[in-house]
$ cat run.cif   # mmCIF, C-alpha atoms
data_data
loop_
_atom_site.label_atom_id
_atom_site.label_comp_id
_atom_site.auth_asym_id
_atom_site.auth_seq_id
_atom_site.Cartn_x
_atom_site.Cartn_y
_atom_site.Cartn_z
CA MET A 102 0.00 0.00 0.00
CA THR A 103 1.18 3.49 -0.72
CA PHE A 104 -0.12 6.89 0.33
CA ASP A 105 -1.97 7.12 -2.97
CA ASP A 106 -4.53 4.63 -1.65
CA TRP A 107 -5.60 7.16 0.97
CA TYR A 108 -6.62 9.72 -1.64
CA ARG A 109 -10.12 9.97 -3.06
CA GLN A 110 -9.22 9.39 -6.67
CA ASP A 111 -12.52 10.80 -7.88
CA ARG A 112 -11.76 14.18 -6.25
CA LEU A 113 -8.29 14.62 -7.78
CA PRO A 114 -6.78 16.82 -9.16
CA HIS A 115 -7.24 19.12 -6.21
CA ILE A 116 -7.93 22.86 -6.35
CA PHE A 117 -4.61 24.06 -4.93
CA CYS A 118 -2.68 26.44 -7.19
CA ALA A 119 0.15 25.16 -9.39
CA GLY A 120 3.21 24.84 -7.17
CA CYS A 121 1.37 25.08 -3.85
CA GLY A 122 3.19 23.11 -1.17
CA ASN A 123 0.07 21.85 0.59
CA GLY A 124 -0.13 18.80 -1.67
CA THR A 125 3.41 17.86 -0.67
CA ILE A 126 2.57 18.04 3.02
CA ILE A 127 -0.55 15.91 2.51
CA ASN A 128 1.59 13.34 0.68
CA CYS A 129 4.10 13.19 3.53
CA THR A 130 1.40 12.95 6.20
CA LEU A 131 -0.45 10.21 4.36
CA ALA A 132 2.79 8.30 3.78
CA ALA A 133 3.40 8.39 7.54
CA VAL A 134 -0.19 7.38 8.30
CA ASP A 135 0.15 4.55 5.80
CA GLN A 136 3.25 3.24 7.57
CA MET A 137 1.40 3.18 10.89
CA GLY A 138 -0.87 0.46 9.53
CA TRP A 139 -4.05 2.09 10.78
CA LYS A 140 -7.41 1.07 9.43
CA LYS A 141 -9.23 3.68 7.36
CA ASP A 142 -12.32 3.30 9.55
CA ASP A 143 -10.37 4.15 12.70
CA THR A 144 -8.71 7.29 11.40
CA VAL A 145 -10.25 10.76 11.43
CA PHE A 146 -8.84 13.87 9.77
CA VAL A 147 -10.03 17.19 11.15
CA SER A 148 -9.49 20.63 9.68
CA GLY A 149 -10.66 24.20 10.04
CA ILE A 150 -10.95 26.82 7.32
CA GLY A 151 -8.31 27.83 4.80
CA CYS A 152 -6.28 26.47 1.93
CA SER A 153 -4.62 23.83 4.07
CA SER A 154 -7.91 22.81 5.59
CA ARG A 155 -9.28 21.59 2.29
CA ALA A 156 -6.98 18.59 2.67
CA PRO A 157 -9.36 16.14 4.42
CA GLY A 158 -11.79 16.50 1.53
CA TYR A 159 -9.33 14.62 -0.64
CA ILE A 160 -8.76 11.81 1.84
CA VAL A 161 -10.78 8.63 1.79
CA THR A 162 -11.30 8.37 5.56
CA ASP A 163 -13.93 10.08 7.71
CA SER A 164 -13.21 13.75 8.16
CA LEU A 165 -14.51 16.91 9.78
CA HIS A 166 -14.30 20.27 8.05
CA THR A 167 -15.10 22.60 10.89
CA THR A 168 -15.42 26.29 11.68
CA HIS A 169 -12.51 28.70 11.43
CA GLY A 170 -9.88 28.07 14.08
CA ARG A 171 -11.86 25.41 15.92
CA ALA A 172 -10.29 22.35 14.34
CA ILE A 173 -8.45 21.42 17.54
CA ALA A 174 -11.57 21.99 19.63
CA PHE A 175 -13.55 19.60 17.44
CA ALA A 176 -10.68 17.11 17.37
CA THR A 177 -10.54 17.18 21.18
CA GLY A 178 -14.21 16.27 21.22
CA VAL A 179 -13.70 13.40 18.78
CA LYS A 180 -10.79 12.02 20.76
CA MET A 181 -12.50 12.28 24.14
CA ALA A 182 -15.72 10.71 22.86
CA ASN A 183 -13.90 7.72 21.38
CA PRO A 184 -10.25 7.29 22.42
CA ASP A 185 -9.92 4.37 20.00
CA LEU A 186 -9.91 6.73 17.04
CA ASN A 187 -6.67 8.10 15.62
CA VAL A 188 -7.14 11.80 15.10
CA VAL A 189 -4.95 13.89 12.81
CA VAL A 190 -5.52 17.63 12.44
CA PHE A 191 -4.59 19.56 9.31
CA THR A 192 -4.41 23.24 9.90
CA GLY A 193 -2.85 26.40 8.56
CA ASP A 194 -1.15 29.34 10.17
CA GLY A 195 -4.17 31.64 10.00
CA ASP A 196 -6.34 28.90 11.38
CA LEU A 197 -4.05 27.80 14.19
CA ALA A 198 -2.11 30.90 15.18
CA ALA A 199 -4.59 33.69 14.60
CA ILE A 200 -8.17 32.74 15.36
CA GLY A 201 -7.49 29.38 16.95
CA GLY A 202 -4.54 30.42 19.07
CA ASN A 203 -6.25 29.85 22.36
CA HIS A 204 -7.49 26.40 21.40
CA PHE A 205 -3.97 25.57 20.33
CA ILE A 206 -2.23 26.52 23.58
CA HIS A 207 -4.86 24.79 25.67
CA ALA A 208 -4.62 21.61 23.61
CA CYS A 209 -0.86 21.75 24.26
CA ARG A 210 -1.49 22.31 27.96
CA ARG A 211 -3.94 19.41 28.19
CA ASN A 212 -1.53 17.32 26.16
CA ILE A 213 -4.36 15.49 24.43
CA ASP A 214 -3.40 12.67 22.10
CA LEU A 215 -3.64 14.46 18.76
CA THR A 216 -1.24 14.98 15.89
CA VAL A 217 -1.42 18.48 14.47
CA VAL A 218 0.18 19.18 11.09
CA CYS A 219 0.39 22.92 10.50
CA MET A 220 1.03 24.03 6.92
CA ASN A 221 2.55 27.41 7.54
CA ASN A 222 2.54 29.44 4.33
CA GLN A 223 3.08 32.68 6.26
CA ILE A 224 0.07 34.40 4.72
CA TYR A 225 -3.71 34.11 4.39
CA GLY A 226 -3.69 32.49 0.97
CA MET A 227 -7.37 31.74 0.38
CA THR A 228 -8.75 35.21 1.16
CA GLY A 229 -6.30 37.13 -1.03
CA GLY A 230 -2.97 37.44 0.72
CA GLN A 231 -3.57 39.30 3.97
CA GLY A 232 -0.78 39.31 6.54
CA SER A 233 -1.03 36.51 9.09
CA PRO A 234 0.55 36.25 12.56
CA THR A 235 3.46 34.35 11.04
CA THR A 236 4.27 36.74 8.18
CA PRO A 237 7.99 37.49 8.59
CA ARG A 238 9.12 41.02 9.40
CA GLY A 239 9.54 43.09 6.25
CA CYS A 240 7.46 40.85 3.99
CA PHE A 241 4.76 42.32 1.80
CA SER A 242 1.10 41.34 1.80
CA THR A 243 -2.23 42.97 1.02
CA THR A 244 -2.58 44.38 4.52
CA THR A 245 1.11 45.26 4.90
CA PRO A 246 1.88 47.04 1.61
CA THR A 247 4.98 48.73 3.00
CA GLY A 248 6.38 45.64 4.67
CA CYS A 249 5.26 43.87 7.81
CA VAL A 250 6.38 45.74 10.93
CA GLU A 251 5.26 43.16 13.49
CA MET A 252 7.32 40.30 14.81
CA PRO A 253 6.05 36.89 13.65
CA PHE A 254 4.83 34.09 15.88
CA ASP A 255 7.18 31.16 16.44
CA LEU A 256 4.61 28.39 16.65
CA CYS A 257 7.07 25.70 17.72
CA GLU A 258 8.36 27.77 20.65
CA LEU A 259 4.76 28.42 21.60
CA ALA A 260 3.93 24.71 21.56
CA ILE A 261 7.03 23.84 23.61
CA ALA A 262 6.25 26.52 26.18
CA ALA A 263 2.63 25.40 26.41
CA GLY A 264 3.66 21.78 27.03
CA ALA A 265 3.30 19.71 23.88
CA ASN A 266 4.91 16.27 23.96
CA TYR A 267 6.49 16.33 20.51
CA VAL A 268 7.35 19.39 18.45
CA SER A 269 9.24 19.53 15.19
CA ARG A 270 9.54 21.84 12.23
CA TRP A 271 10.41 21.05 8.62
CA THR A 272 9.77 22.63 5.25
CA SER A 273 8.18 21.40 2.05
CA TYR A 274 11.68 20.76 0.67
CA HIS A 275 12.54 18.22 3.42
CA VAL A 276 9.98 15.60 2.42
CA LYS A 277 11.66 12.50 3.86
CA GLU A 278 12.45 14.20 7.16
CA LEU A 279 8.91 15.51 7.37
CA GLU A 280 7.51 12.05 6.76
CA LYS A 281 9.63 10.63 9.58
CA ALA A 282 8.68 13.52 11.88
CA VAL A 283 4.98 12.97 11.26
CA LYS A 284 5.43 9.25 11.92
CA VAL A 285 7.15 9.94 15.25
CA GLY A 286 4.37 12.39 16.04
CA LEU A 287 1.71 9.78 15.32
CA GLU A 288 3.49 7.25 17.52
CA THR A 289 3.97 9.65 20.43
CA PRO A 290 1.18 9.61 23.01
CA GLY A 291 0.10 13.12 23.79
CA PHE A 292 0.03 16.28 21.74
CA SER A 293 2.43 16.25 18.80
CA PHE A 294 2.85 19.36 16.71
CA ILE A 295 4.59 19.35 13.33
CA GLU A 296 5.02 22.68 11.62
CA ALA A 297 5.71 22.52 7.89
CA LEU A 298 6.73 25.70 6.12
CA VAL A 299 5.26 25.69 2.62
CA GLN A 300 5.60 27.89 -0.40
CA CYS A 301 2.62 29.93 -1.57
CA PRO A 302 3.39 31.17 -5.09
CA THR A 303 0.06 32.91 -5.62
CA ALA A 304 -0.33 35.05 -2.51
CA PHE A 305 3.09 35.18 -0.85
CA GLY A 306 5.63 34.57 -3.60
CA ARG A 307 4.06 37.00 -6.04
CA ARG A 308 4.56 39.92 -3.65
CA ASN A 309 7.89 38.84 -2.19
CA LYS A 310 10.18 38.25 -5.16
CA PHE A 311 9.52 34.50 -5.38
CA ARG A 312 7.71 34.51 -8.67
CA GLN A 313 9.04 31.06 -9.53
CA VAL A 314 8.06 28.21 -7.24
CA ALA A 315 11.57 26.78 -7.31
CA ASP A 316 13.00 30.09 -6.00
CA HIS A 317 10.81 29.93 -2.94
CA VAL A 318 11.62 26.29 -2.27
CA GLU A 319 15.30 27.12 -2.66
CA TYR A 320 14.84 29.96 -0.14
CA LEU A 321 13.23 27.56 2.32
CA ARG A 322 16.09 25.11 1.84
CA ALA A 323 18.85 27.69 2.15
CA HIS A 324 17.38 29.44 5.20
CA SER A 325 16.66 26.38 7.30
CA LEU A 326 19.15 25.80 10.09
CA LEU A 327 19.36 22.34 11.60
CA LYS A 328 18.81 22.23 15.34
CA ALA A 329 22.11 20.39 15.90
CA LYS A 330 23.94 23.08 13.98
CA ARG A 331 22.19 25.81 15.94
CA ASP A 332 23.25 24.12 19.19
CA ARG A 333 26.83 23.92 17.93
CA LEU A 334 26.78 27.61 17.06
CA ILE A 335 25.50 28.54 20.50
CA GLU A 336 28.07 26.27 22.16
CA ALA A 337 30.87 27.92 20.19
CA GLY A 338 29.56 31.33 21.21
CA GLU A 339 28.81 32.40 17.66
CA ALA A 340 25.75 34.37 16.62
CA VAL A 341 22.80 32.52 15.12
CA PRO A 342 21.76 34.23 11.84
CA ASP A 343 18.58 36.26 12.23
CA ASP A 344 16.97 35.40 8.92
CA MET A 345 17.19 31.62 9.39
CA PHE A 346 14.67 29.39 11.06
CA VAL A 347 15.50 26.28 13.05
CA VAL A 348 14.34 22.95 11.63
CA GLY A 349 14.41 19.53 13.22
CA GLU A 350 13.02 17.83 16.28
CA LEU A 351 12.64 20.64 18.79
CA ALA A 352 11.02 18.84 21.72
CA ARG A 353 10.31 15.28 22.77
CA ARG A 354 8.97 14.70 26.24
CA LYS A 355 6.98 12.18 28.21
CA ARG A 356 4.41 14.31 30.00
CA PRO A 357 1.18 12.65 31.14
CA ALA A 358 -1.23 12.67 28.21
CA LEU A 359 -5.01 12.96 28.00
CA GLY A 360 -7.17 10.72 25.86
CA VAL A 361 -4.78 7.75 25.85
CA LYS A 362 -6.27 4.41 26.78
CA PRO A 363 -4.60 2.93 29.89
CA MET B 298 8.49 -0.51 -13.30
CA ILE B 299 8.77 2.74 -15.16
CA LEU B 300 8.37 6.35 -14.13
CA ALA B 301 5.28 8.09 -15.49
CA ILE B 302 3.69 11.53 -15.20
CA ASP B 303 -0.09 11.65 -15.15
CA GLU B 304 -0.90 14.47 -17.56
CA THR B 305 -4.44 14.82 -16.27
CA ARG B 306 -3.14 15.82 -12.83
CA CYS B 307 0.11 17.70 -13.52
CA LYS B 308 -0.19 21.47 -13.19
CA GLY B 309 3.27 22.25 -14.53
CA CYS B 310 4.94 23.65 -11.41
CA ASN B 311 8.28 21.99 -12.32
CA LEU B 312 9.12 21.14 -8.71
CA CYS B 313 10.14 17.64 -9.81
CA THR B 314 12.90 19.15 -11.98
CA LYS B 315 14.37 20.66 -8.82
CA VAL B 316 14.25 17.70 -6.45
CA CYS B 317 15.27 14.70 -8.59
CA PRO B 318 18.88 13.75 -7.71
CA TYR B 319 19.42 12.27 -11.18
CA LYS B 320 17.86 15.24 -13.03
CA ILE B 321 15.52 12.90 -14.87
CA PHE B 322 12.78 15.52 -15.16
CA LYS B 323 13.37 18.26 -17.70
CA GLU B 324 11.21 21.29 -18.24
CA GLY B 325 8.79 20.66 -21.07
CA LYS B 326 8.57 22.73 -24.21
CA LYS B 327 5.13 22.29 -25.69
CA PRO B 328 1.87 22.97 -23.82
CA ASN B 329 -0.55 20.08 -23.86
CA ARG B 330 -4.27 20.19 -24.64
CA ARG B 331 -5.06 21.85 -21.29
CA GLY B 332 -2.37 24.51 -21.85
CA ILE B 333 -0.03 23.03 -19.24
CA VAL B 334 3.66 22.46 -19.96
CA VAL B 335 4.21 19.00 -18.52
CA PRO B 336 7.87 18.10 -17.71
CA GLU B 337 9.63 15.62 -19.95
CA LEU B 338 11.48 12.53 -18.83
CA ASP B 339 15.15 12.35 -19.74
CA ARG B 340 16.21 8.68 -19.86
CA PRO B 341 13.87 7.46 -17.08
CA GLU B 342 15.67 4.12 -16.92
CA ARG B 343 18.28 5.85 -14.73
CA CYS B 344 15.77 6.10 -11.87
CA THR B 345 16.87 3.87 -8.96
CA ASN B 346 13.37 3.16 -7.86
CA CYS B 347 12.36 1.94 -11.32
CA ARG B 348 15.09 -0.65 -11.42
CA LEU B 349 15.41 -1.80 -7.83
CA GLN B 350 12.13 -1.36 -5.96
CA GLN B 351 10.91 -4.86 -6.68
CA LEU B 352 14.27 -6.38 -5.74
CA TYR B 353 14.39 -4.52 -2.41
CA GLY B 354 10.65 -4.65 -1.78
CA ARG B 355 10.39 -1.00 -0.77
CA THR B 356 10.47 2.46 -2.27
CA LEU B 357 14.10 3.48 -2.59
CA CYS B 358 14.14 7.21 -3.31
CA GLY B 359 10.63 8.39 -4.08
CA VAL B 360 11.37 12.04 -3.41
CA CYS B 361 9.67 13.17 -6.63
CA GLN B 362 6.52 11.26 -5.76
CA LEU B 363 6.40 12.73 -2.25
CA THR B 364 7.21 16.22 -3.47
CA CYS B 365 4.76 16.36 -6.37
CA PRO B 366 1.95 18.53 -4.96
CA ASP B 367 -0.51 17.21 -7.51
CA GLN B 368 0.09 13.46 -7.02
CA ALA B 369 0.97 13.16 -10.70
CA ILE B 370 4.13 11.01 -10.47
CA ASN B 371 4.02 7.27 -10.00
CA TRP B 372 5.59 4.08 -11.23
CA ILE B 373 3.65 1.88 -13.60
CA GLU B 374 4.24 -1.64 -14.86
CA GLU B 375 6.27 -1.82 -18.03
CA GLN B 376 4.97 -3.44 -21.17
CA PRO B 377 6.70 -6.76 -21.80
CA TYR B 378 9.71 -6.40 -24.04
CA GLU B 379 8.99 -7.47 -27.58
CA LEU B 380 11.62 -9.18 -29.63
CA LYS B 381 12.24 -7.59 -32.98
CA LYS B 382 13.74 -9.17 -36.02
CA VAL B 383 16.74 -7.25 -37.24
CA ALA B 384 18.10 -7.84 -40.67
CA ILE B 385 21.87 -7.81 -40.56
CA GLU B 386 23.55 -6.74 -43.74
CA TYR B 387 27.04 -7.98 -44.40
#

$ encode --input "run.cif" --output "structure tokens"
Amino acid sequence: MTFDDWYRQDRLPHIFCAGCGNGTIINCTLAAVDQMGWKKDDTVFVSGIGCSSRAPGYIVTDSLHTTHGRAIAFATGVKMANPDLNVVVFTGDGDLAAIGGNHFIHACRRNIDLTVVCMNNQIYGMTGGQGSPTTPRGCFSTTTPTGCVEMPFDLCELAIAAGANYVSRWTSYHVKELEKAVKVGLETPGFSFIEALVQCPTAFGRRNKFRQVADHVEYLRAHSLLKAKRDRLIEAGEAVPDDMFVVGELARRKRPALGVKP
Amino acid sequence: MILAIDETRCKGCNLCTKVCPYKIFKEGKKPNRRGIVVPELDRPERCTNCRLQQLYGRTLCGVCQLTCPDQAINWIEEQPYELKKVAIEY
């Protein structure tokens, strides 16, 4: 079996723009789910509103397409009602960090047994390119035409501080690493959060000098700093570059989890 | 097994040309019926996964298949090789 068996073949091709990274993240997540050997009847995909949240519509299992920002709230309900189900949440940065921020930190605090895959395209793609809480400083969007002046959210740091059991961050270039990270997240009891930075050629790249998809993917590759390398830099007393983001497994803990069968 | 691009799904983003370690995918030249420039395959027999996945029983590289955002790349069974008669001139 491959991850292709988890797609609804009658719904493909999907509506994402040419070059959108969301399809890549769905591939990696489904490949990890496929390796877990779960039954399709026992798996539920939950999502909110946004580009990324269209993903469960293309997956053959049962799914919930819920209100904006409340994906984790609904997923908590699903998991508590039936702890036998395996619940995976697809969400985006506008969904998770902006309107659903409070649900996110409280799900981390409760440490409920969910796996959250956040496709962070650093912009509100579906509504026309408004600035989101994770838009980097100086980047252009519809609502920040002279460059974003606010500091972006670091979702992984937020999840670690709030108490998630497993936190990692990869990009849409690191497909194999992302697949392994999602698999570890699915295996970990408790809240696992995987942030995947994706390219958005239509809303983000068009305004930020990444007109070609490959340029943006190359930017993601070149500006990702492995956690081990970051630790080495700090140990040697050297400065960590400001424009780079840390990728890798950022937290792995064994806190008591909610919603796990004894 | 042989590498194949599903033209009904490909949207022409050319991400496969970037990620393949053997540079098997080349940017296409002619738009197809839907107006999409589908990448071309340059000697697909070089692909490791094509040759060895049945021997090893697992996917060996598969980065293009995972990366393709439109699920257009997969490996299909090859047609059996047909013997051809060749006239040798002395």

$ residues_around --input "run.cif" --residues "region 279-289 of chain A" --least-positions-apart "6" --cutoff "7 Å" --atoms "only C-alpha atoms" --output "number ranges by chain"
A: 129-130, 132-134, 216, 267, 269, 271, 295

$ closest_residue --input "run.cif" --among "A:Ile206, A:Val145, A:Ala199, A:Ala297" --to "Val179 (chain A)" --atoms "all atoms listed in the file"
A:Val145

$ axis_aligned_box --input "run.cif" --around "region 324-343 of chain A" --padding-each-side "3 Å" --output "lines of an AutoDock Vina configuration file"
center_x = 23.8
center_y = 28.3
center_z = 13.7
size_x = 20.2
size_y = 21.9
size_z = 23.0

$ atom_distance --input "run.cif" --atom1 "CA of Ala301 (chain B)" --atom2 "CA of Tyr159 (chain A)"
21.8 Å

$ interface_residues --input "run.cif" --of "chain B" --to "chain A" --cutoff "10 Å" --atoms "all atoms listed in the file" --output "number ranges by chain"
B: 305-316, 356, 358-369, 371

$ closest_residue --input "run.cif" --among "A:Gly149, A:Pro342, A:Gly232, A:Pro246" --to "Ala176 (chain A)" --atoms "only C-alpha atoms"
A:Gly149

$ closest_residue --input "run.cif" --among "A:Glu251, A:Cys152, A:Gly226, A:Leu186" --to "Gly306 (chain A)" --atoms "only C-alpha atoms"
A:Gly226

$ closest_residue --input "run.cif" --among "A:Ile261, A:Asn222, A:Phe292, A:Trp107" --to "Val189 (chain A)" --atoms "only C-alpha atoms"
A:Phe292

$ decode --input "run.cif" --residues "region 130-171 of chain A" --atoms "C-alpha atoms" --output "compact mmCIF listing (two decimals), in the first residue's frame"
# COMPACT_ATOMS: atom_id res chain seq x y z
CA THR A 130 1.40 12.95 6.20
CA LEU A 131 -0.45 10.21 4.36
CA ALA A 132 2.79 8.30 3.78
CA ALA A 133 3.40 8.39 7.54
CA VAL A 134 -0.19 7.38 8.30
CA ASP A 135 0.15 4.55 5.80
CA GLN A 136 3.25 3.24 7.57
CA MET A 137 1.40 3.18 10.89
CA GLY A 138 -0.87 0.46 9.53
CA TRP A 139 -4.05 2.09 10.78
CA LYS A 140 -7.41 1.07 9.43
CA LYS A 141 -9.23 3.68 7.36
CA ASP A 142 -12.32 3.30 9.55
CA ASP A 143 -10.37 4.15 12.70
CA THR A 144 -8.71 7.29 11.40
CA VAL A 145 -10.25 10.76 11.43
CA PHE A 146 -8.84 13.87 9.77
CA VAL A 147 -10.03 17.19 11.15
CA SER A 148 -9.49 20.63 9.68
CA GLY A 149 -10.66 24.20 10.04
CA ILE A 150 -10.95 26.82 7.32
CA GLY A 151 -8.31 27.83 4.80
CA CYS A 152 -6.28 26.47 1.93
CA SER A 153 -4.62 23.83 4.07
CA SER A 154 -7.91 22.81 5.59
CA ARG A 155 -9.28 21.59 2.29
CA ALA A 156 -6.98 18.59 2.67
CA PRO A 157 -9.36 16.14 4.42
CA GLY A 158 -11.79 16.50 1.53
CA TYR A 159 -9.33 14.62 -0.64
CA ILE A 160 -8.76 11.81 1.84
CA VAL A 161 -10.78 8.63 1.79
CA THR A 162 -11.30 8.37 5.56
CA ASP A 163 -13.93 10.08 7.71
CA SER A 164 -13.21 13.75 8.16
CA LEU A 165 -14.51 16.91 9.78
CA HIS A 166 -14.30 20.27 8.05
CA THR A 167 -15.10 22.60 10.89
CA THR A 168 -15.42 26.29 11.68
CA HIS A 169 -12.51 28.70 11.43
CA GLY A 170 -9.88 28.07 14.08
CA ARG A 171 -11.86 25.41 15.92
